[in-house]
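Participant: Mind having a look at this structure? Questions to follow.
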Amino acid sequence: MLSVRDLRRPGLVSASFDLADGECIAVQGRSGSGKTLLLRAIADLDPSDGDVRLDGVSRDEMFTPLWRRRVTYVSTVPGWWADAVGAHFHEWSAALSLIEELGFSADCRTWPVQRLSTGERQRLGVIRALMLRPRVLLLDEPTSGLDVAATAAVESLVVLQLKTGTSCVWVSHDESQAKRVARRRLVFEEDGVRDVLL
Amino acid sequence: MNYIPINLTDLAIAGSLVLLNGGLSLVLQLRLEKQLLIATLRMIVQLLLVGLVLTKLFALVSPLWTSLAALAMILFAGREIMARQERRLAGLWSYGLGTTCMLIAATLITIFALTTQVRPDPWYHPRYGLPLLGMILGNTMTGISLGLHTLTTVLVRERDAIEAQLSLGATRYEALLPSTRAAMRSALMPIVNAMAATGLVALPGMMTGQIIAGIEPVEAVRYQILIMFLIAGGTGLGSLAAVMGGAHRLTDRRHRLRLDRLGPPDDAD
């Protein structure tokens with residue numbers, strides 16, 4: 001279980017919520033309200049105050065790289081550090097089934113990252129994070145550049161992960177997507193963050 | 001020794017070349033004459049002053065005054081490093097990091113050379129110490145400037161890639177390795193090129209000077225090789241310390257990339 005208590009940083013109103021194993025929470029709010037900052041703060045990518053725990057263990061007691069492998073942030077347009085797609089995956093063969101499931105052919109291993117569209121980067125970015133088998137996925141509008149079919153494929157992939165006990169914080173602009181993937185939502189408002197049951 | 005001294009008449013004859021350039025600039029309306037005049041006067045005044053200072057220092061052979069002169073050289077070079085950065089570290093770090101690394105690297109290498117290889121008597125004699133320091137300093141300064149410049153530029157440009165690696169559980173050292181590698185490569189590029197091309201493309205200034213002063217070429221070459229080793233050592237150590245220090249400062253203990261510790265971009269350039 002992920003528990004967030006009074007998480008604060010400049011540009012972010014204080015947020016508190018619990019997330020059970022296998023649960024997905026949708027994060028909503030107008031742009032600039034701090035949704036991305038919330039995810040980055042949970043992943044400890046930016047300095048923040050507050051108490052964030054996974055199964056009772058505070059992130060401050062954990063080696064940060066290990067924390068991020070358990071609580072993994074996927075940015076809206078994920079970054080790439082090597083030239084070829086395959087170099088971003090530790091075990092290509094293990095990733096292959098997911099990669100094909102999201103509509104890529106096996107030969108995309110040698111594709112230059114430069115050639116990928118935004119939507120392709122988003123899909124491969126989600127797979128790259130799933131390969132770590134994180135306990136919590138922090139998804140920042142992972143389908144903003146995808147068509148309906150690809151969006152459905154990503155959603156069903158994540159829902160499948162939820163069934164294995166992975167939980168998910170999913171930032172989405174899309175009301176119907178929030179209803180499809182989550183039963184709860186965090187709504188960012190002027191005076192704070194509201195925790196709403198859908 | 002067959003050293004040929006130069007008198008003021010010789011200088012005046014050679015100086016007429018600059019006057020010729022100035023005259024051509026006036027006739028052809030190139031508008032270079034003013035800049036040329038200022039640069040020429042600066043060169044004359046600065047060199048005359050250095051000549052006076054060195055004469056005084058050589059007469060004194062005082063550890064105190066020699067180290068004060070050395071310190072002044074290092075502080076000037078530190079300013080140069082800072083001025084050449086497009087994105088500086090915020091606060092005292094902008095001047096402090098490059099200057100400290102240069103101070104340590106150049107001082108250590110110079111003292112090492114004076115006490116174990118050149119061995120003048122006394123070892124701190126300014127006739128040897130200051131020229132050696134000057135040569136090491138000039139090259140170390142270039143290396144540190146290039147290294148820090150490349151580091152900050154690459155970190156800003158590759159921010160998404162670095163944070164993607166951090167998000168997936170890389171340590172700050174793993175995530176920054178390509179950037180620190182690029183920074184070190186550009187820091188060492190000039191000295192590597194200089195060593196590879198020296199003797200073929202250009203004769204190094206110090207060796208040329210010794211040859212004109214009457215030293216046998218073989219002796220001058222040996223001296224030049226020594227200097228090249230010292231320069232390479234100083235540049236490598238100084239740049240490594242500055243790049244590692246910069247990478248350390250721009251990340252934190254929680255393995256975050258901290259570009260907020262960079263000052264605002266320099267719009268003046």
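Quick note on naming: the chains in the structure tokens go A, B, ... in the order shown, residues restart at 1 in each chain, and ligands are numbered from 1 in order of appearance.
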If we count only C-alpha atoms and set the cut-off at 10 Å, which residues sit around Trp111 in chain A, ignoring sequence neighbours fewer than 5 positions away in its own chain? Please answer as a PyMOL selection string.
Facilitator: chain A and resi 83-86+116
Participant: Just C-alpha atoms for this one: save the residues we selected as an mmCIF file, in the first residue's frame.
Facilitator:
```
data_model
loop_
_atom_site.group_PDB
_atom_site.id
_atom_site.type_symbol
_atom_site.label_atom_id
_atom_site.label_comp_id
_atom_site.auth_asym_id
_atom_site.auth_seq_id
_atom_site.Cartn_x
_atom_site.Cartn_y
_atom_site.Cartn_z
ATOM 1 C CA ASP A 83 20.121 5.735 -30.201
ATOM 2 C CA ALA A 84 18.313 2.423 -30.701
ATOM 3 C CA VAL A 85 14.992 1.415 -29.116
ATOM 4 C CA GLY A 86 16.375 -1.935 -27.921
ATOM 5 C CA LEU A 116 9.552 7.347 -33.147
#
```
Participant: Give me the chain B side of the contact with chain A, cut-off 9 Å, one line per residue showing its nearest atom pair and distance in Å at one decimal, counting only C-alpha atoms, sorted by chain and residue number, as a tab-separated table.
Facilitator:
```
residue	atom	partner	partner_atom	distance
B:Glu158	CA	A:Trp81	CA	8.0
B:Arg159	CA	A:Gly79	CA	8.2
B:Asp160	CA	A:Gly79	CA	4.7
B:Ala161	CA	A:Gly79	CA	4.2
B:Ile162	CA	A:Trp81	CA	7.2
B:Glu163	CA	A:Gly79	CA	7.4
B:Ala164	CA	A:Gly79	CA	5.3
B:Gln165	CA	A:Trp81	CA	7.8
B:Leu166	CA	A:Pro65	CA	7.0
B:Ser167	CA	A:Arg68	CA	5.7
B:Leu168	CA	A:Arg69	CA	5.7
B:Gly169	CA	A:Pro65	CA	4.1
B:Ala170	CA	A:Pro65	CA	5.8
B:Thr171	CA	A:Pro65	CA	5.8
B:Arg172	CA	A:Pro65	CA	8.7
B:Ala175	CA	A:Trp81	CA	9.0
B:Pro178	CA	A:Trp81	CA	8.8
B:Arg253	CA	A:Thr64	CA	8.7
B:Arg254	CA	A:Thr64	CA	5.7
B:His255	CA	A:Thr64	CA	6.5
B:Arg256	CA	A:Leu45	CA	5.4
B:Leu257	CA	A:Leu45	CA	7.4
B:Arg258	CA	A:Asp46	CA	8.0
```
Participant: Write the residues of the preceding selection, restricted to N, CA and C atoms, as a PDB file, in the first residue's frame.
Facilitator:
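The resulting out.pdb:
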```pdb
ATOM      1  N   GLU B 158      19.931  17.309 -22.147  1.00  0.00           N
ATOM      2  CA  GLU B 158      19.566  15.894 -21.975  1.00  0.00           C
ATOM      3  C   GLU B 158      18.715  15.655 -20.735  1.00  0.00           C
ATOM      4  N   ARG B 159      18.115  16.707 -20.223  1.00  0.00           N
ATOM      5  CA  ARG B 159      17.364  16.587 -18.983  1.00  0.00           C
ATOM      6  C   ARG B 159      16.342  15.451 -18.997  1.00  0.00           C
ATOM      7  N   ASP B 160      15.537  15.358 -20.073  1.00  0.00           N
ATOM      8  CA  ASP B 160      14.505  14.322 -20.146  1.00  0.00           C
ATOM      9  C   ASP B 160      15.124  12.930 -20.112  1.00  0.00           C
ATOM     10  N   ALA B 161      16.211  12.746 -20.867  1.00  0.00           N
ATOM     11  CA  ALA B 161      16.853  11.425 -20.921  1.00  0.00           C
ATOM     12  C   ALA B 161      17.416  11.054 -19.555  1.00  0.00           C
ATOM     13  N   ILE B 162      18.035  12.021 -18.873  1.00  0.00           N
ATOM     14  CA  ILE B 162      18.624  11.743 -17.565  1.00  0.00           C
ATOM     15  C   ILE B 162      17.537  11.420 -16.545  1.00  0.00           C
ATOM     16  N   GLU B 163      16.458  12.218 -16.560  1.00  0.00           N
ATOM     17  CA  GLU B 163      15.390  11.952 -15.585  1.00  0.00           C
ATOM     18  C   GLU B 163      14.665  10.658 -15.897  1.00  0.00           C
ATOM     19  N   ALA B 164      14.606  10.266 -17.185  1.00  0.00           N
ATOM     20  CA  ALA B 164      14.004   8.969 -17.519  1.00  0.00           C
ATOM     21  C   ALA B 164      14.820   7.854 -16.881  1.00  0.00           C
ATOM     22  N   GLN B 165      16.150   7.963 -16.957  1.00  0.00           N
ATOM     23  CA  GLN B 165      16.993   6.934 -16.347  1.00  0.00           C
ATOM     24  C   GLN B 165      16.830   6.914 -14.838  1.00  0.00           C
ATOM     25  N   LEU B 166      16.800   8.118 -14.230  1.00  0.00           N
ATOM     26  CA  LEU B 166      16.616   8.188 -12.780  1.00  0.00           C
ATOM     27  C   LEU B 166      15.274   7.573 -12.377  1.00  0.00           C
ATOM     28  N   SER B 167      14.219   7.868 -13.156  1.00  0.00           N
ATOM     29  CA  SER B 167      12.893   7.334 -12.850  1.00  0.00           C
ATOM     30  C   SER B 167      12.892   5.817 -12.871  1.00  0.00           C
ATOM     31  N   LEU B 168      13.749   5.239 -13.709  1.00  0.00           N
ATOM     32  CA  LEU B 168      13.776   3.781 -13.842  1.00  0.00           C
ATOM     33  C   LEU B 168      14.794   3.158 -12.893  1.00  0.00           C
ATOM     34  N   GLY B 169      15.291   3.938 -11.933  1.00  0.00           N
ATOM     35  CA  GLY B 169      16.114   3.356 -10.881  1.00  0.00           C
ATOM     36  C   GLY B 169      17.607   3.439 -11.114  1.00  0.00           C
ATOM     37  N   ALA B 170      18.056   4.307 -12.048  1.00  0.00           N
ATOM     38  CA  ALA B 170      19.496   4.490 -12.205  1.00  0.00           C
ATOM     39  C   ALA B 170      20.003   5.388 -11.079  1.00  0.00           C
ATOM     40  N   THR B 171      21.264   5.201 -10.666  1.00  0.00           N
ATOM     41  CA  THR B 171      21.846   6.130  -9.709  1.00  0.00           C
ATOM     42  C   THR B 171      22.248   7.397 -10.465  1.00  0.00           C
ATOM     43  N   ARG B 172      22.552   8.453  -9.705  1.00  0.00           N
ATOM     44  CA  ARG B 172      22.931   9.697 -10.374  1.00  0.00           C
ATOM     45  C   ARG B 172      24.213   9.522 -11.160  1.00  0.00           C
ATOM     46  N   ALA B 175      23.253   7.769 -14.450  1.00  0.00           N
ATOM     47  CA  ALA B 175      22.466   8.625 -15.330  1.00  0.00           C
ATOM     48  C   ALA B 175      23.302   9.761 -15.907  1.00  0.00           C
ATOM     49  N   PRO B 178      27.076   9.587 -19.411  1.00  0.00           N
ATOM     50  CA  PRO B 178      27.292  10.097 -20.775  1.00  0.00           C
ATOM     51  C   PRO B 178      27.633  11.591 -20.782  1.00  0.00           C
ATOM     52  N   ARG B 253      21.830  14.059  -2.898  1.00  0.00           N
ATOM     53  CA  ARG B 253      22.001  12.767  -2.255  1.00  0.00           C
ATOM     54  C   ARG B 253      20.840  11.816  -2.558  1.00  0.00           C
ATOM     55  N   ARG B 254      19.666  12.408  -2.853  1.00  0.00           N
ATOM     56  CA  ARG B 254      18.510  11.578  -3.180  1.00  0.00           C
ATOM     57  C   ARG B 254      18.475  11.274  -4.677  1.00  0.00           C
ATOM     58  N   HIS B 255      19.599  11.392  -5.345  1.00  0.00           N
ATOM     59  CA  HIS B 255      19.723  11.048  -6.771  1.00  0.00           C
ATOM     60  C   HIS B 255      18.726  11.813  -7.639  1.00  0.00           C
ATOM     61  N   ARG B 256      18.617  13.112  -7.373  1.00  0.00           N
ATOM     62  CA  ARG B 256      17.772  13.964  -8.214  1.00  0.00           C
ATOM     63  C   ARG B 256      18.666  14.839  -9.071  1.00  0.00           C
ATOM     64  N   LEU B 257      18.183  15.188 -10.258  1.00  0.00           N
ATOM     65  CA  LEU B 257      18.873  16.165 -11.093  1.00  0.00           C
ATOM     66  C   LEU B 257      18.458  17.547 -10.604  1.00  0.00           C
ATOM     67  N   ARG B 258      19.412  18.410 -10.233  1.00  0.00           N
ATOM     68  CA  ARG B 258      19.080  19.700  -9.627  1.00  0.00           C
ATOM     69  C   ARG B 258      19.506  20.856 -10.515  1.00  0.00           C
TER      70      ARG B 258
END
```
Participant: Pick from A:Ser105, A:Ser3, A:Thr166, A:Ser33: nearest to Leu19 in chain A, with only C-alpha atoms counted?
Facilitator: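 Selected residue with least distance to Leu19 in chain A: A:Ser3.
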Participant: Could you give me, as a short mmCIF file (atom, residue, chain, number, x, y, z; two decimals) with N, CA and C atoms, in the first residue's frame, the residues within 12 Å of Gly32 in chain A, counting only C-alpha atoms and dropping anything in the same chain fewer than 4 positions from it?
Facilitator:
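Everything below was put into out01.cif:
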```
data_model
loop_
_atom_site.label_atom_id
_atom_site.label_comp_id
_atom_site.auth_asym_id
_atom_site.auth_seq_id
_atom_site.Cartn_x
_atom_site.Cartn_y
_atom_site.Cartn_z
N GLY A 11 4.53 25.16 -5.62
CA GLY A 11 3.71 24.92 -6.80
C GLY A 11 2.73 23.79 -6.62
N LEU A 12 2.73 23.18 -5.43
CA LEU A 12 1.82 22.05 -5.20
C LEU A 12 1.11 22.26 -3.88
N VAL A 13 -0.25 22.17 -3.90
CA VAL A 13 -0.99 22.22 -2.64
C VAL A 13 -0.78 20.89 -1.93
N GLN A 28 -7.09 14.45 -11.57
CA GLN A 28 -7.64 15.43 -12.50
C GLN A 28 -7.51 16.84 -11.96
N THR A 36 1.48 16.96 -12.57
CA THR A 36 2.80 16.39 -12.86
C THR A 36 3.72 16.54 -11.65
N LEU A 37 3.65 17.72 -10.98
CA LEU A 37 4.50 17.95 -9.80
C LEU A 37 4.20 16.92 -8.71
N LEU A 38 2.91 16.55 -8.57
CA LEU A 38 2.55 15.54 -7.57
C LEU A 38 3.24 14.22 -7.87
N PHE A 188 -7.68 18.23 -8.24
CA PHE A 188 -6.93 19.42 -7.83
C PHE A 188 -7.82 20.63 -7.94
N GLU A 189 -8.00 21.33 -6.80
CA GLU A 189 -8.77 22.57 -6.81
C GLU A 189 -7.96 23.67 -6.17
N GLU A 190 -8.53 24.89 -6.22
CA GLU A 190 -7.79 26.06 -5.72
C GLU A 190 -7.31 25.86 -4.28
#
```
Participant: Could you write out, as a PyMOL selection string, all the residues of range 92-196 of chain A that DSSP marks as helix (DSSP H, G or I)?
Facilitator: chain A and resi 92-101+106-110+113-115+118-130+148-163+175-181
Participant: Would you compute the distance between CA of Ser172 in chain A and CA of Ser58 in chain A? Give it in Å to one decimal.
Facilitator: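 So the two atoms, CA of Ser172 in chain A and CA of Ser58 in chain A, lie 27.1 Å apart.
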Participant: Using only C-alpha atoms for the distances, tell me which of B:Leu130, B:Leu97, B:Met184, B:Ile109 is nearest to Thr66 in chain B.
Facilitator: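 Selected residue with least distance to Thr66 in chain B: B:Leu130.
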Participant: Which residues are close to Thr180 in chain B, i.e. within 12 Å by only C-alpha atoms, leaving aside same-chain residues fewer than 6 positions away? Reply as a CSV table (one decimal) with N, CA and C atoms, in the first residue's frame.
Facilitator:
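selection.csv written:
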```
chain,number,residue,atom,x,y,z
B,146,LEU,N,36.1,24.5,-20.8
B,146,LEU,CA,35.4,23.7,-21.8
B,146,LEU,C,34.6,22.6,-21.1
B,147,GLY,N,35.2,21.9,-20.1
B,147,GLY,CA,34.6,20.8,-19.4
B,147,GLY,C,33.3,21.3,-18.7
B,148,LEU,N,33.3,22.4,-17.9
B,148,LEU,CA,32.1,22.9,-17.2
B,148,LEU,C,31.1,23.4,-18.2
B,149,HIS,N,31.5,24.0,-19.3
B,149,HIS,CA,30.6,24.5,-20.3
B,149,HIS,C,29.8,23.3,-20.9
B,150,THR,N,30.6,22.3,-21.3
B,150,THR,CA,29.9,21.1,-21.9
B,150,THR,C,29.0,20.5,-20.9
B,151,LEU,N,29.5,20.3,-19.7
B,151,LEU,CA,28.6,19.6,-18.7
B,151,LEU,C,27.3,20.3,-18.5
B,152,THR,N,27.3,21.6,-18.3
B,152,THR,CA,26.0,22.3,-18.0
B,152,THR,C,25.1,22.3,-19.3
B,153,THR,N,25.8,22.5,-20.4
B,153,THR,CA,25.0,22.5,-21.7
B,153,THR,C,24.3,21.1,-21.9
B,154,VAL,N,25.1,20.1,-21.7
B,154,VAL,CA,24.6,18.7,-22.0
B,154,VAL,C,23.5,18.4,-21.0
B,155,LEU,N,23.7,18.7,-19.7
B,155,LEU,CA,22.7,18.4,-18.7
B,155,LEU,C,21.4,19.1,-19.0
B,158,GLU,N,19.9,17.3,-22.1
B,158,GLU,CA,19.6,15.9,-22.0
B,158,GLU,C,18.7,15.7,-20.7
B,162,ILE,N,18.0,12.0,-18.9
B,162,ILE,CA,18.6,11.7,-17.6
B,162,ILE,C,17.5,11.4,-16.5
B,172,ARG,N,22.6,8.5,-9.7
B,172,ARG,CA,22.9,9.7,-10.4
B,172,ARG,C,24.2,9.5,-11.2
B,173,TYR,N,25.1,8.6,-10.7
B,173,TYR,CA,26.4,8.4,-11.4
B,173,TYR,C,26.1,7.7,-12.8
B,174,GLU,N,25.2,6.7,-12.7
B,174,GLU,CA,24.9,6.0,-14.0
B,174,GLU,C,24.2,7.0,-15.0
B,186,SER,N,35.6,17.0,-24.1
B,186,SER,CA,35.8,18.3,-24.7
B,186,SER,C,36.9,19.1,-23.9
B,187,ALA,N,37.0,18.7,-22.6
B,187,ALA,CA,38.1,19.4,-21.8
B,187,ALA,C,39.4,19.0,-22.2
B,239,SER,N,40.4,19.4,-14.8
B,239,SER,CA,39.1,19.3,-15.5
B,239,SER,C,38.3,18.2,-14.8
B,240,LEU,N,38.9,17.1,-14.4
B,240,LEU,CA,38.2,16.0,-13.8
B,240,LEU,C,37.6,16.4,-12.5
B,241,ALA,N,38.4,17.2,-11.7
B,241,ALA,CA,37.8,17.6,-10.4
B,241,ALA,C,36.7,18.6,-10.7
B,242,ALA,N,36.8,19.5,-11.7
B,242,ALA,CA,35.7,20.5,-11.9
B,242,ALA,C,34.5,19.8,-12.4
B,243,VAL,N,34.6,18.9,-13.4
B,243,VAL,CA,33.5,18.2,-14.0
B,243,VAL,C,32.8,17.3,-12.9
B,244,MET,N,33.6,16.6,-12.1
B,244,MET,CA,33.0,15.8,-11.0
B,244,MET,C,32.3,16.6,-10.0
B,245,GLY,N,33.0,17.7,-9.6
B,245,GLY,CA,32.4,18.7,-8.7
B,245,GLY,C,31.1,19.2,-9.2
B,246,GLY,N,31.1,19.6,-10.5
B,246,GLY,CA,29.9,20.2,-11.1
B,246,GLY,C,28.7,19.2,-11.2
B,247,ALA,N,29.1,17.9,-11.5
B,247,ALA,CA,28.1,16.9,-11.6
B,247,ALA,C,27.5,16.6,-10.2
B,248,HIS,N,28.4,16.6,-9.2
B,248,HIS,CA,28.0,16.4,-7.8
B,248,HIS,C,27.0,17.5,-7.4
B,250,LEU,N,25.1,19.4,-9.2
B,250,LEU,CA,23.9,19.5,-10.0
B,250,LEU,C,23.0,18.3,-9.8
```
Participant: Just want the 10 Å neighbourhood of Ala105 in chain B, counted on only C-alpha atoms, with same-chain residues fewer than 4 positions away dropped. Output as a count of residues only.
Facilitator: 17
Participant: To one decimal in Å, tell me the separation between CA of Leu133 in chain B and CA of Thr107 in chain B.
Facilitator: 7.3 Å
Participant: Calculated over only C-alpha atoms, which of the candidates A:Leu146, A:Leu124, A:Cys168, A:Leu102 has the smallest distance to Met1 in chain A?
Facilitator: A:Cys168
Participant: Can you measure CA of Ile38 in chain B to CA of Ala69 in chain B for me? One decimal in Å is fine.
Facilitator: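 Those two atoms sit 25.6 Å apart.
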Participant: Please provide the set of residues having any atom within 9 Å of range 111-119 of chain B, restricted to only C-alpha atoms, with same-chain residues fewer than 4 positions apart removed, written as a list in words.
Facilitator: Ala106, Thr107, Trp123, Tyr124, His125, Tyr128, Gly129, Leu132, Leu133, Leu226 and Leu230 of chain B
Participant: I need the residue nearest Pro265 in chain B from this list: B:Met207, B:Ala220, B:Gln85, B:Lys34. Use only C-alpha atoms for the distance.
Facilitator: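 Ranking B:Met207, B:Ala220, B:Gln85, B:Lys34 by distance to Pro265 in chain B, first place goes to B:Gln85.
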Participant: Which of range 28-119 of chain A counts as strand (DSSP E or B) under DSSP, as a PyMOL selection string please?
Facilitator: chain A and resi 28+49-54+57-58+71-74+84+112
